[in-house]
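Report on one structure; see the data block that follows.
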Amino acid sequence: MFTRIFSAALWGIESIPVEVETDVSPGLPSTRVVGLPDAAVKESLHRVSSSLKNCGFSLPLGKLTINLAPADLKKEGPIFDLPIALGILQASGQVGSSEESADCWAIGELALSGKIRGIKGILPFVAKAKEKKARKVILPKENALEAQIIPGVVTCPVEDLKEAVQAWTSAPQKPLAASPCFEPAKSALEKDFSEVKGQESVKRAIEIAVSGFHNLLLIGPPGGGKSMLAQRIPTIFPPLSLEEAIEVTNIHSAAGKIKPGEGLITARPFRCPHHSSTEAGIIGGGNPPRPGEASLAHHGVLFLDELPEFRRNALEALRQPLEEGKITLCRAKFSVQFPARFMLVAAMNPSPSGRAQDYQAGRCSFAQTQKYLNKVSGPLLDRIDLHIEVPKPDPKLLMEKKQAESSASIAQRIMEARAIQHRRFKDISLLLTNGKMGPKEIERFCTLSSSASRLLSQALEDLGLSARAYGKILKVSRTISDLAGKEKIEEEAILEAISYRTLDRQYWT
Ligand SMILES: Nc1ncnc2c1ncn2[C@@H]1O[C@H](COP(=O)(O)OP(=O)(O)OP(=O)(O)O)[C@@H](O)[C@H]1O
Ligand SMILES: [Mg+2]
């Protein structure tokens with residue numbers, strides 16, 4: 001007898017429907033899985049046969065063939081255990097077929113005892129099942145909260161094979177009409193900007209960067225507080241919106257980063273990969289392709305501490321996502337796209353020995369300093385909107401008992417600037433910010449006063465800035481004006497924005 005059950009394979013951050021076909025026919029006992037399965041899928045039969053036995057069922061005698069279609073798509077991992085087990089039960093007549101089991105989707109890994117283990121990629125799986133109008137979706141109980149994020153689908157979270165059979169043959173319940181109540185995560189971090197003494201100019205640059213979602217580079221001597229400041233950035237970020245949270249959860253679900261019992265991600269991502277990370281680790285890769293750190297930081301922060309220590313190819317690979325907010329991986333056999341709209345925060349010393357003038361003091365040579373700085377290419381620097389020097393903190397301020405301004409108070413100003421951007425871009429995209437404006441939006445929303453315009457054209461000529469730097473100055477000055485509650489961009493905003501573009505000239509000469 002032949003049966004067909006729907007499931008899906010993960011491809012990038014999307015699910016691709018897979019039909020699990022099972023056929024039991026008379027003949028010498030043999031079992032075969034076909035349809036480009038990897039080792040974990042081939043081993044599936046061992047898990048399935050033990051769990052069938054331990055749940056009171058049996059593996060049928062005869063020729064058992066399982067086909068995973070489409071046959072040209074690589075199938076990975078143990079996620080097909082459950083649909084294979086259900087297919088065998090139906091094909092061998094141990095479970096009757098009914099109208100209820102038609103258009104039923106199933107996914108899950110089986111333990112030898114028959115228990116069903118959680119898997120990665122449930123969110124894209126349920127989204128695909130909804131798109132294909134599944135009657136019901138049987139999935140592991142561990143992934144129940146993640147599955148609930150998508151309303152309008154009948155999900156049946158099950159703990160073991162017996163429960164799965166029951167869910168499969170019974171009438172579907174009513175689907176949830178809406179996603180569970182969404183409440184953005186409150187900052188539970190113990191870190192706060194009030195602990196950072198002094199460094200007012202750096203805090204101001206960070207405030208601007210977060211307000212407009214601009215990329216930021218911090219340069220300074222060791223122990224100046226660059227890492228300390230960067231780690232406090234999540235405490236001033238506006239909370240995630242529901243739309244952003246679903247996008248973030250989808251990527252983390254596909255990457256297997258959601259813990260059992262966890263549902264929607266409500267905290268903004270803050271990713272800080274180690275500088276030994278590979279290009280694939282940063283932008284994604286593999287076959288089937290997996291998202292990298294840049295995509296895991298989507299709608300959040302990608303913090304690259306000790307920037308020049310990163311592999312050159314890993315840094316250069318960030319040029320496309322920094323510009324376009326997405327990564328397109330092209331390989332001989334496929335091409336895949338990952339969203340990667342993140343805020344880049346990078347930190348570095350101005351020389352290999354730490355301080356800016358060390359070559360003058362003989363601690364390292366000028367050539368060594370230039371070699372170190374040149375690990376960060378000009379085009380990458382050009383894509384960073386704000387470059388700011390983090391000087392050694394003032395010892396007097398360090399010893400003061402008085403606390404600096406709290407993260408909550410900085411976040412309040414940022415929220416107001418974001419509200420202005422929300423109103424400005426509501427007809428284009430609710431997710432757009434000043435930092436991610438394209439040339440059309442710059443033209444439309446960055447109106448300069450006549451004196452600001454004169455100042456900018458003079459500066460462009462004197463400093464020989466690139467066309468990209470011109471756009472970045474306009475975007476940053478738009479954010480500075482939003483923070484000041486001004487509609488038109490004035491001279492002071494342009495001057496401040498230009499000051500964040502001069503550091504590369506000072507060091508990279
Ligand atoms: N402005 C400050 N206020 C209070 N403490 C500070 C300040 N700056 C630095 N510190 C202290 O110095 C420590 C070292 O700072 P941090 O690690 O951030 O320096 P860094 O600039 O990242 O150095 P490196 O270049 O070596 O990575 C912090 O953990 C903190 O205790
Ligand atoms: Mg550091």
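To be explicit about the labels: the chains of the structure tokens are called A, B, and onward in the order shown, and within each one the residues are counted from 1, while ligands get numbers from 1 in the order they are shown.
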
Residues contacting ligand 1 - anything with an atom at most 10 Å away, using only C-alpha atoms and all ligand atoms - can you give me those as a ChimeraX atom specification?
/A:193-200,202,218-231,305-306,347-350,353-355,390-395,397-400,403-404

Excluding same-chain residues fewer than 3 positions from A:Leu455, what lies within 10 Å of it counting only C-alpha atoms, as JSON, numbers by chain?
{"A": [449, 450, 451, 452, 458, 459, 460, 490, 491, 492, 494, 495]}

Could you save those same residues with N, CA, C and O atoms as a PDB file, in the first residue's frame?
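The resulting file, result.pdb, is shown below:
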ATOM      1  N   SER A 449      19.034  73.964   5.194  1.00  0.00           N
ATOM      2  CA  SER A 449      18.874  75.413   5.139  1.00  0.00           C
ATOM      3  C   SER A 449      19.939  75.928   4.169  1.00  0.00           C
ATOM      4  O   SER A 449      20.916  75.222   3.892  1.00  0.00           O
ATOM      5  N   SER A 450      19.795  77.168   3.669  1.00  0.00           N
ATOM      6  CA  SER A 450      20.745  77.620   2.643  1.00  0.00           C
ATOM      7  C   SER A 450      22.168  77.701   3.185  1.00  0.00           C
ATOM      8  O   SER A 450      23.130  77.323   2.499  1.00  0.00           O
ATOM      9  N   SER A 451      22.324  78.117   4.454  1.00  0.00           N
ATOM     10  CA  SER A 451      23.690  78.212   4.989  1.00  0.00           C
ATOM     11  C   SER A 451      24.278  76.813   5.193  1.00  0.00           C
ATOM     12  O   SER A 451      25.474  76.595   4.969  1.00  0.00           O
ATOM     13  N   ALA A 452      23.433  75.841   5.595  1.00  0.00           N
ATOM     14  CA  ALA A 452      23.912  74.463   5.782  1.00  0.00           C
ATOM     15  C   ALA A 452      24.354  73.903   4.444  1.00  0.00           C
ATOM     16  O   ALA A 452      25.365  73.187   4.355  1.00  0.00           O
ATOM     17  N   GLN A 458      31.133  73.362   0.594  1.00  0.00           N
ATOM     18  CA  GLN A 458      32.510  73.787   0.887  1.00  0.00           C
ATOM     19  C   GLN A 458      33.309  72.620   1.482  1.00  0.00           C
ATOM     20  O   GLN A 458      34.437  72.345   1.085  1.00  0.00           O
ATOM     21  N   ALA A 459      32.675  71.927   2.444  1.00  0.00           N
ATOM     22  CA  ALA A 459      33.359  70.824   3.128  1.00  0.00           C
ATOM     23  C   ALA A 459      33.662  69.696   2.158  1.00  0.00           C
ATOM     24  O   ALA A 459      34.741  69.084   2.221  1.00  0.00           O
ATOM     25  N   LEU A 460      32.736  69.420   1.250  1.00  0.00           N
ATOM     26  CA  LEU A 460      32.945  68.336   0.283  1.00  0.00           C
ATOM     27  C   LEU A 460      34.161  68.631  -0.580  1.00  0.00           C
ATOM     28  O   LEU A 460      34.971  67.755  -0.865  1.00  0.00           O
ATOM     29  N   GLU A 490      20.055  72.193   9.863  1.00  0.00           N
ATOM     30  CA  GLU A 490      20.778  73.460  10.000  1.00  0.00           C
ATOM     31  C   GLU A 490      22.290  73.227   9.984  1.00  0.00           C
ATOM     32  O   GLU A 490      22.739  72.083  10.020  1.00  0.00           O
ATOM     33  N   GLU A 491      23.016  74.358  10.028  1.00  0.00           N
ATOM     34  CA  GLU A 491      24.474  74.330   9.968  1.00  0.00           C
ATOM     35  C   GLU A 491      25.125  73.435  11.046  1.00  0.00           C
ATOM     36  O   GLU A 491      26.027  72.655  10.747  1.00  0.00           O
ATOM     37  N   GLU A 492      24.610  73.573  12.315  1.00  0.00           N
ATOM     38  CA  GLU A 492      25.259  72.829  13.422  1.00  0.00           C
ATOM     39  C   GLU A 492      25.179  71.332  13.191  1.00  0.00           C
ATOM     40  O   GLU A 492      26.118  70.586  13.496  1.00  0.00           O
ATOM     41  N   ILE A 494      25.031  69.783  10.307  1.00  0.00           N
ATOM     42  CA  ILE A 494      25.985  69.396   9.257  1.00  0.00           C
ATOM     43  C   ILE A 494      27.410  69.357   9.825  1.00  0.00           C
ATOM     44  O   ILE A 494      28.162  68.411   9.595  1.00  0.00           O
ATOM     45  N   LEU A 495      27.747  70.391  10.624  1.00  0.00           N
ATOM     46  CA  LEU A 495      29.095  70.439  11.217  1.00  0.00           C
ATOM     47  C   LEU A 495      29.359  69.210  12.081  1.00  0.00           C
ATOM     48  O   LEU A 495      30.424  68.597  12.001  1.00  0.00           O
TER      49      LEU A 495
END

note - atom CA of A:Ile473 and atom CA of A:Glu207 are separated by 15.9 Å

Given only C-alpha atoms as the basis, pick out the residue of A:Ala129, A:Cys55, A:Leu503, A:Cys104 nearest to A:Leu161.
A:Cys55

Which residues are close to A:Ser92, i.e. within 7 Å by only C-alpha atoms, leaving aside same-chain residues fewer than 5 positions away? Reply as a ChimeraX atom specification.
/A:1,24,60

Residues from the last selection, N, CA, C and O atoms, saved as a JSON list (two decimals), in the first residue's frame:
[["chain", "number", "residue", "atom", "x", "y", "z"],
["A", 1, "MET", "N", 0.84, -1.21, 0.00],
["A", 1, "MET", "CA", 0.00, 0.00, 0.00],
["A", 1, "MET", "C", 0.88, 1.26, 0.00],
["A", 1, "MET", "O", 1.98, 1.25, 0.53],
["A", 24, "VAL", "N", 4.61, -0.08, 0.99],
["A", 24, "VAL", "CA", 4.91, -1.41, 1.53],
["A", 24, "VAL", "C", 4.37, -2.41, 0.52],
["A", 24, "VAL", "O", 3.19, -2.37, 0.17],
["A", 60, "PRO", "N", 6.57, -3.22, 9.26],
["A", 60, "PRO", "CA", 5.92, -4.23, 8.43],
["A", 60, "PRO", "C", 6.94, -5.15, 7.74],
["A", 60, "PRO", "O", 8.07, -4.75, 7.47]]

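Pairwise distance (atom CA of A:Arg424, atom CA of A:Ile208) equals 17.2 Å.
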
So which residues touch stretch 314-328 of chain A within 6 Å, counting only C-alpha atoms, skipping near sequence neighbours fewer than 2 positions away, as a ChimeraX atom specification?
/A:279,311-312,336-341

Enumerate as an mmCIF file with C-alpha atoms, in the first residue's frame all residues of stretch 237-467 of chain A assigned to strand (DSSP E) by DSSP on the backbone, naming them with the chain letters and numbers the document uses.
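The new file part.cif reads:
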data_model
loop_
_atom_site.group_PDB
_atom_site.id
_atom_site.type_symbol
_atom_site.label_atom_id
_atom_site.label_comp_id
_atom_site.auth_asym_id
_atom_site.auth_seq_id
_atom_site.Cartn_x
_atom_site.Cartn_y
_atom_site.Cartn_z
ATOM 1 C CA PHE A 270 23.123 41.858 20.027
ATOM 2 C CA ARG A 271 25.668 39.580 18.389
ATOM 3 C CA VAL A 301 23.504 45.108 16.611
ATOM 4 C CA LEU A 302 26.503 43.297 15.119
ATOM 5 C CA PHE A 303 29.412 44.182 17.404
ATOM 6 C CA LEU A 304 32.864 43.495 15.980
ATOM 7 C CA ASP A 305 35.332 44.087 18.804
ATOM 8 C CA LYS A 326 20.591 41.504 2.808
ATOM 9 C CA ILE A 327 23.081 38.820 1.806
ATOM 10 C CA THR A 328 22.874 36.922 -1.469
ATOM 11 C CA LEU A 329 24.960 33.749 -1.464
ATOM 12 C CA CYS A 330 25.564 32.343 -4.934
ATOM 13 C CA SER A 335 21.596 30.930 -4.709
ATOM 14 C CA VAL A 336 19.955 31.980 -1.473
ATOM 15 C CA GLN A 337 19.134 35.270 0.223
ATOM 16 C CA PHE A 338 19.292 36.127 3.927
ATOM 17 C CA PRO A 339 18.038 39.361 5.486
ATOM 18 C CA MET A 343 23.649 48.219 12.982
ATOM 19 C CA LEU A 344 27.404 47.629 12.786
ATOM 20 C CA VAL A 345 29.323 48.675 15.875
ATOM 21 C CA ALA A 346 33.069 48.172 15.524
ATOM 22 C CA ALA A 347 35.834 48.863 18.043
ATOM 23 C CA MET A 348 39.589 49.036 17.500
ATOM 24 C CA LEU A 386 30.051 57.672 12.442
ATOM 25 C CA HIS A 387 33.732 57.374 13.359
ATOM 26 C CA ILE A 388 34.440 58.472 16.907
ATOM 27 C CA GLU A 389 37.546 58.640 19.053
#

Residues at most 12 Å from A:Pro238, counting only C-alpha atoms, excluding those fewer than 3 positions away in the same chain, as an mmCIF file with all heavy atoms, in the first residue's frame?
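Dumped to result_15.cif:
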data_model
loop_
_atom_site.group_PDB
_atom_site.id
_atom_site.type_symbol
_atom_site.label_atom_id
_atom_site.label_comp_id
_atom_site.auth_asym_id
_atom_site.auth_seq_id
_atom_site.Cartn_x
_atom_site.Cartn_y
_atom_site.Cartn_z
ATOM 1 N N PRO A 184 7.083 43.468 24.193
ATOM 2 C CA PRO A 184 8.529 43.540 23.986
ATOM 3 C C PRO A 184 9.288 43.333 25.297
ATOM 4 O O PRO A 184 8.805 43.735 26.370
ATOM 5 C CB PRO A 184 8.757 44.957 23.462
ATOM 6 C CG PRO A 184 7.432 45.560 23.269
ATOM 7 C CD PRO A 184 6.402 44.711 23.906
ATOM 8 N N ALA A 185 10.455 42.687 25.196
ATOM 9 C CA ALA A 185 11.235 42.394 26.400
ATOM 10 C C ALA A 185 11.713 43.682 27.049
ATOM 11 O O ALA A 185 12.157 44.591 26.359
ATOM 12 C CB ALA A 185 12.425 41.538 26.024
ATOM 13 N N LYS A 186 11.586 43.740 28.378
ATOM 14 C CA LYS A 186 12.154 44.891 29.087
ATOM 15 C C LYS A 186 13.629 44.565 29.274
ATOM 16 O O LYS A 186 13.993 43.405 29.431
ATOM 17 C CB LYS A 186 11.478 45.039 30.447
ATOM 18 C CG LYS A 186 10.001 45.288 30.307
ATOM 19 C CD LYS A 186 9.506 46.236 31.383
ATOM 20 C CE LYS A 186 8.134 46.764 31.059
ATOM 21 N NZ LYS A 186 7.116 45.736 30.845
ATOM 22 N N SER A 187 14.462 45.601 29.251
ATOM 23 C CA SER A 187 15.896 45.349 29.385
ATOM 24 C C SER A 187 16.191 44.727 30.747
ATOM 25 O O SER A 187 16.054 45.359 31.789
ATOM 26 C CB SER A 187 16.660 46.663 29.230
ATOM 27 O OG SER A 187 17.999 46.415 29.512
ATOM 28 N N GLU A 207 24.306 57.788 20.930
ATOM 29 C CA GLU A 207 22.880 58.163 20.950
ATOM 30 C C GLU A 207 22.386 58.448 19.523
ATOM 31 O O GLU A 207 21.314 57.996 19.120
ATOM 32 C CB GLU A 207 22.704 59.395 21.844
ATOM 33 C CG GLU A 207 21.262 59.831 21.995
ATOM 34 C CD GLU A 207 21.127 61.020 22.950
ATOM 35 O OE1 GLU A 207 21.923 61.135 23.899
ATOM 36 O OE2 GLU A 207 20.213 61.836 22.726
ATOM 37 N N VAL A 210 22.212 55.083 17.481
ATOM 38 C CA VAL A 210 21.055 54.231 17.804
ATOM 39 C C VAL A 210 19.761 54.898 17.314
ATOM 40 O O VAL A 210 18.874 54.225 16.793
ATOM 41 C CB VAL A 210 21.005 53.930 19.323
ATOM 42 C CG1 VAL A 210 19.761 53.133 19.673
ATOM 43 C CG2 VAL A 210 22.246 53.158 19.749
ATOM 44 N N SER A 211 19.673 56.225 17.450
ATOM 45 C CA SER A 211 18.447 56.931 17.031
ATOM 46 C C SER A 211 18.141 56.687 15.568
ATOM 47 O O SER A 211 16.996 56.470 15.196
ATOM 48 C CB SER A 211 18.581 58.439 17.242
ATOM 49 O OG SER A 211 18.762 58.715 18.589
ATOM 50 N N GLY A 212 19.205 56.733 14.719
ATOM 51 C CA GLY A 212 18.955 56.607 13.286
ATOM 52 C C GLY A 212 19.356 55.263 12.714
ATOM 53 O O GLY A 212 19.316 55.071 11.519
ATOM 54 N N PHE A 213 19.805 54.320 13.588
ATOM 55 C CA PHE A 213 20.277 52.993 13.158
ATOM 56 C C PHE A 213 21.464 53.154 12.202
ATOM 57 O O PHE A 213 21.503 52.596 11.102
ATOM 58 C CB PHE A 213 19.123 52.229 12.498
ATOM 59 C CG PHE A 213 19.199 50.736 12.718
ATOM 60 C CD1 PHE A 213 19.242 50.200 13.996
ATOM 61 C CD2 PHE A 213 19.232 49.843 11.650
ATOM 62 C CE1 PHE A 213 19.298 48.828 14.203
ATOM 63 C CE2 PHE A 213 19.297 48.462 11.843
ATOM 64 C CZ PHE A 213 19.327 47.960 13.120
ATOM 65 N N ILE A 233 25.020 49.367 24.574
ATOM 66 C CA ILE A 233 24.117 49.842 23.510
ATOM 67 C C ILE A 233 22.731 49.180 23.574
ATOM 68 O O ILE A 233 21.717 49.857 23.431
ATOM 69 C CB ILE A 233 24.794 49.694 22.121
ATOM 70 C CG1 ILE A 233 25.913 50.735 22.011
ATOM 71 C CG2 ILE A 233 23.799 49.879 20.979
ATOM 72 C CD1 ILE A 233 26.693 50.715 20.716
ATOM 73 N N PRO A 234 22.630 47.847 23.834
ATOM 74 C CA PRO A 234 21.283 47.254 23.885
ATOM 75 C C PRO A 234 20.365 47.900 24.920
ATOM 76 O O PRO A 234 19.143 47.833 24.779
ATOM 77 C CB PRO A 234 21.556 45.791 24.263
ATOM 78 C CG PRO A 234 22.950 45.540 23.861
ATOM 79 C CD PRO A 234 23.675 46.836 23.994
ATOM 80 N N THR A 235 20.945 48.536 25.950
ATOM 81 C CA THR A 235 20.100 49.104 27.007
ATOM 82 C C THR A 235 19.390 50.382 26.569
ATOM 83 O O THR A 235 18.498 50.863 27.276
ATOM 84 C CB THR A 235 20.929 49.414 28.287
ATOM 85 O OG1 THR A 235 21.902 50.422 27.937
ATOM 86 C CG2 THR A 235 21.644 48.187 28.809
ATOM 87 N N SER A 241 9.399 45.776 17.416
ATOM 88 C CA SER A 241 7.971 45.757 17.085
ATOM 89 C C SER A 241 7.601 44.299 16.779
ATOM 90 O O SER A 241 8.489 43.463 16.586
ATOM 91 C CB SER A 241 7.711 46.625 15.865
ATOM 92 O OG SER A 241 8.326 46.061 14.738
ATOM 93 N N GLU A 244 9.074 43.145 13.492
ATOM 94 C CA GLU A 244 10.514 42.887 13.591
ATOM 95 C C GLU A 244 10.764 41.590 14.350
ATOM 96 O O GLU A 244 11.610 40.783 13.966
ATOM 97 C CB GLU A 244 11.213 44.033 14.337
ATOM 98 C CG GLU A 244 11.328 45.320 13.545
ATOM 99 C CD GLU A 244 11.903 46.469 14.368
ATOM 100 O OE1 GLU A 244 11.616 46.561 15.592
ATOM 101 O OE2 GLU A 244 12.622 47.290 13.799
ATOM 102 N N THR A 266 11.720 38.495 21.838
ATOM 103 C CA THR A 266 11.226 39.851 22.069
ATOM 104 C C THR A 266 12.356 40.835 22.382
ATOM 105 O O THR A 266 12.118 42.033 22.483
ATOM 106 C CB THR A 266 10.207 39.858 23.224
ATOM 107 O OG1 THR A 266 10.811 39.194 24.327
ATOM 108 C CG2 THR A 266 8.922 39.150 22.848
ATOM 109 N N ALA A 267 13.577 40.319 22.553
ATOM 110 C CA ALA A 267 14.714 41.216 22.826
ATOM 111 C C ALA A 267 15.500 41.444 21.543
ATOM 112 O O ALA A 267 15.716 40.517 20.763
ATOM 113 C CB ALA A 267 15.610 40.597 23.881
ATOM 114 N N ARG A 268 15.927 42.665 21.345
ATOM 115 C CA ARG A 268 16.668 43.008 20.130
ATOM 116 C C ARG A 268 18.007 42.260 20.109
ATOM 117 O O ARG A 268 18.710 42.233 21.117
ATOM 118 C CB ARG A 268 16.911 44.522 20.117
ATOM 119 C CG ARG A 268 16.987 45.099 18.740
ATOM 120 C CD ARG A 268 16.974 46.597 18.800
ATOM 121 N NE ARG A 268 15.635 47.154 18.710
ATOM 122 C CZ ARG A 268 14.964 47.307 17.575
ATOM 123 N NH1 ARG A 268 15.488 46.918 16.445
ATOM 124 N NH2 ARG A 268 13.771 47.841 17.586
ATOM 125 N N PRO A 269 18.357 41.653 18.956
ATOM 126 C CA PRO A 269 19.613 40.890 18.922
ATOM 127 C C PRO A 269 20.847 41.768 19.156
ATOM 128 O O PRO A 269 20.900 42.905 18.693
ATOM 129 C CB PRO A 269 19.644 40.306 17.506
ATOM 130 C CG PRO A 269 18.274 40.418 16.980
ATOM 131 C CD PRO A 269 17.633 41.580 17.671
ATOM 132 N N HIS A 299 17.920 43.463 12.497
ATOM 133 C CA HIS A 299 17.141 44.385 13.346
ATOM 134 C C HIS A 299 17.824 44.680 14.686
ATOM 135 O O HIS A 299 17.200 45.218 15.597
ATOM 136 C CB HIS A 299 15.728 43.879 13.621
ATOM 137 C CG HIS A 299 14.846 43.933 12.407
ATOM 138 N ND1 HIS A 299 14.797 45.023 11.592
ATOM 139 C CD2 HIS A 299 13.985 43.021 11.885
ATOM 140 C CE1 HIS A 299 13.946 44.784 10.606
ATOM 141 N NE2 HIS A 299 13.463 43.592 10.740
ATOM 142 N N GLY A 300 19.093 44.262 14.817
ATOM 143 C CA GLY A 300 19.806 44.509 16.076
ATOM 144 C C GLY A 300 21.217 44.977 15.795
ATOM 145 O O GLY A 300 21.473 45.632 14.785
ATOM 146 N N SER A 407 20.737 54.794 31.262
ATOM 147 C CA SER A 407 20.314 54.298 29.948
ATOM 148 C C SER A 407 18.855 54.680 29.691
ATOM 149 O O SER A 407 18.491 55.030 28.561
ATOM 150 C CB SER A 407 20.447 52.781 29.887
ATOM 151 O OG SER A 407 21.782 52.409 29.947
ATOM 152 N N ALA A 408 18.018 54.620 30.734
ATOM 153 C CA ALA A 408 16.578 54.901 30.567
ATOM 154 C C ALA A 408 16.364 56.319 30.059
ATOM 155 O O ALA A 408 15.516 56.561 29.193
ATOM 156 C CB ALA A 408 15.856 54.684 31.882
ATOM 157 N N ILE A 410 18.547 58.233 28.374
ATOM 158 C CA ILE A 410 19.023 58.355 26.979
ATOM 159 C C ILE A 410 17.997 57.713 26.042
ATOM 160 O O ILE A 410 17.655 58.262 24.981
ATOM 161 C CB ILE A 410 20.408 57.668 26.794
ATOM 162 C CG1 ILE A 410 21.441 58.247 27.765
ATOM 163 C CG2 ILE A 410 20.899 57.779 25.356
ATOM 164 C CD1 ILE A 410 22.764 57.507 27.816
ATOM 165 N N ALA A 411 17.467 56.546 26.469
ATOM 166 C CA ALA A 411 16.504 55.801 25.631
ATOM 167 C C ALA A 411 15.256 56.632 25.355
ATOM 168 O O ALA A 411 14.663 56.536 24.278
ATOM 169 C CB ALA A 411 16.129 54.496 26.315
ATOM 170 N N GLN A 412 14.876 57.479 26.311
ATOM 171 C CA GLN A 412 13.686 58.328 26.150
ATOM 172 C C GLN A 412 13.853 59.267 24.946
ATOM 173 O O GLN A 412 12.968 59.397 24.107
ATOM 174 C CB GLN A 412 13.475 59.130 27.453
ATOM 175 C CG GLN A 412 12.201 59.943 27.505
ATOM 176 C CD GLN A 412 10.971 59.082 27.267
ATOM 177 O OE1 GLN A 412 10.904 57.949 27.748
ATOM 178 N NE2 GLN A 412 10.021 59.596 26.502
ATOM 179 N N ARG A 413 15.038 59.918 24.855
ATOM 180 C CA ARG A 413 15.301 60.836 23.735
ATOM 181 C C ARG A 413 15.322 60.063 22.409
ATOM 182 O O ARG A 413 14.824 60.532 21.389
ATOM 183 C CB ARG A 413 16.650 61.545 23.928
ATOM 184 C CG ARG A 413 16.652 62.567 25.031
ATOM 185 C CD ARG A 413 17.870 63.470 24.919
ATOM 186 N NE ARG A 413 19.133 62.763 25.125
ATOM 187 C CZ ARG A 413 19.705 62.549 26.308
ATOM 188 N NH1 ARG A 413 19.129 63.000 27.408
ATOM 189 N NH2 ARG A 413 20.856 61.901 26.405
ATOM 190 N N ILE A 414 15.896 58.853 22.484
ATOM 191 C CA ILE A 414 15.981 58.033 21.260
ATOM 192 C C ILE A 414 14.582 57.657 20.785
ATOM 193 O O ILE A 414 14.284 57.709 19.581
ATOM 194 C CB ILE A 414 16.856 56.785 21.524
ATOM 195 C CG1 ILE A 414 18.305 57.224 21.718
ATOM 196 C CG2 ILE A 414 16.739 55.761 20.394
ATOM 197 C CD1 ILE A 414 19.271 56.159 22.133
ATOM 198 N N MET A 415 13.707 57.326 21.726
ATOM 199 C CA MET A 415 12.326 56.948 21.375
ATOM 200 C C MET A 415 11.624 58.096 20.650
ATOM 201 O O MET A 415 10.886 57.890 19.694
ATOM 202 C CB MET A 415 11.522 56.596 22.635
ATOM 203 C CG MET A 415 11.866 55.269 23.241
ATOM 204 S SD MET A 415 11.370 53.897 22.196
ATOM 205 C CE MET A 415 9.645 53.846 22.560
ATOM 206 N N GLU A 416 11.882 59.335 21.142
ATOM 207 C CA GLU A 416 11.246 60.503 20.506
ATOM 208 C C GLU A 416 11.748 60.683 19.071
ATOM 209 O O GLU A 416 10.970 60.939 18.157
ATOM 210 C CB GLU A 416 11.493 61.763 21.341
ATOM 211 C CG GLU A 416 10.569 61.804 22.562
ATOM 212 C CD GLU A 416 11.059 62.741 23.658
ATOM 213 O OE1 GLU A 416 11.808 63.681 23.353
ATOM 214 O OE2 GLU A 416 10.683 62.502 24.829
ATOM 215 N N ALA A 417 13.083 60.516 18.898
ATOM 216 C CA ALA A 417 13.648 60.647 17.539
ATOM 217 C C ALA A 417 13.118 59.545 16.631
ATOM 218 O O ALA A 417 12.878 59.763 15.443
ATOM 219 C CB ALA A 417 15.175 60.600 17.610
ATOM 220 N N ARG A 418 12.920 58.345 17.196
ATOM 221 C CA ARG A 418 12.387 57.227 16.399
ATOM 222 C C ARG A 418 10.920 57.485 16.008
ATOM 223 O O ARG A 418 10.488 57.109 14.920
ATOM 224 C CB ARG A 418 12.458 55.919 17.187
ATOM 225 C CG ARG A 418 13.797 55.246 17.132
ATOM 226 C CD ARG A 418 14.083 54.688 15.735
ATOM 227 N NE ARG A 418 15.439 54.180 15.666
ATOM 228 C CZ ARG A 418 15.748 52.900 15.736
ATOM 229 N NH1 ARG A 418 14.819 52.000 15.869
ATOM 230 N NH2 ARG A 418 16.995 52.529 15.665
ATOM 231 N N ALA A 419 10.187 58.122 16.920
ATOM 232 C CA ALA A 419 8.771 58.398 16.631
ATOM 233 C C ALA A 419 8.665 59.341 15.424
ATOM 234 O O ALA A 419 7.799 59.173 14.555
ATOM 235 C CB ALA A 419 8.104 59.013 17.854
#

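Of the residues under consideration (A:Leu307, A:Ala164, A:Val376, A:Ala205), A:Leu307 shows the shortest atom-to-atom contact distance to ligand 2 when counting only C-alpha atoms and all ligand atoms.
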
Using only C-alpha atoms and all ligand atoms, can you tell me which of A:Ile122, A:Ala255, A:Leu264, A:Cys272 comes closest to ligand 2?
A:Cys272
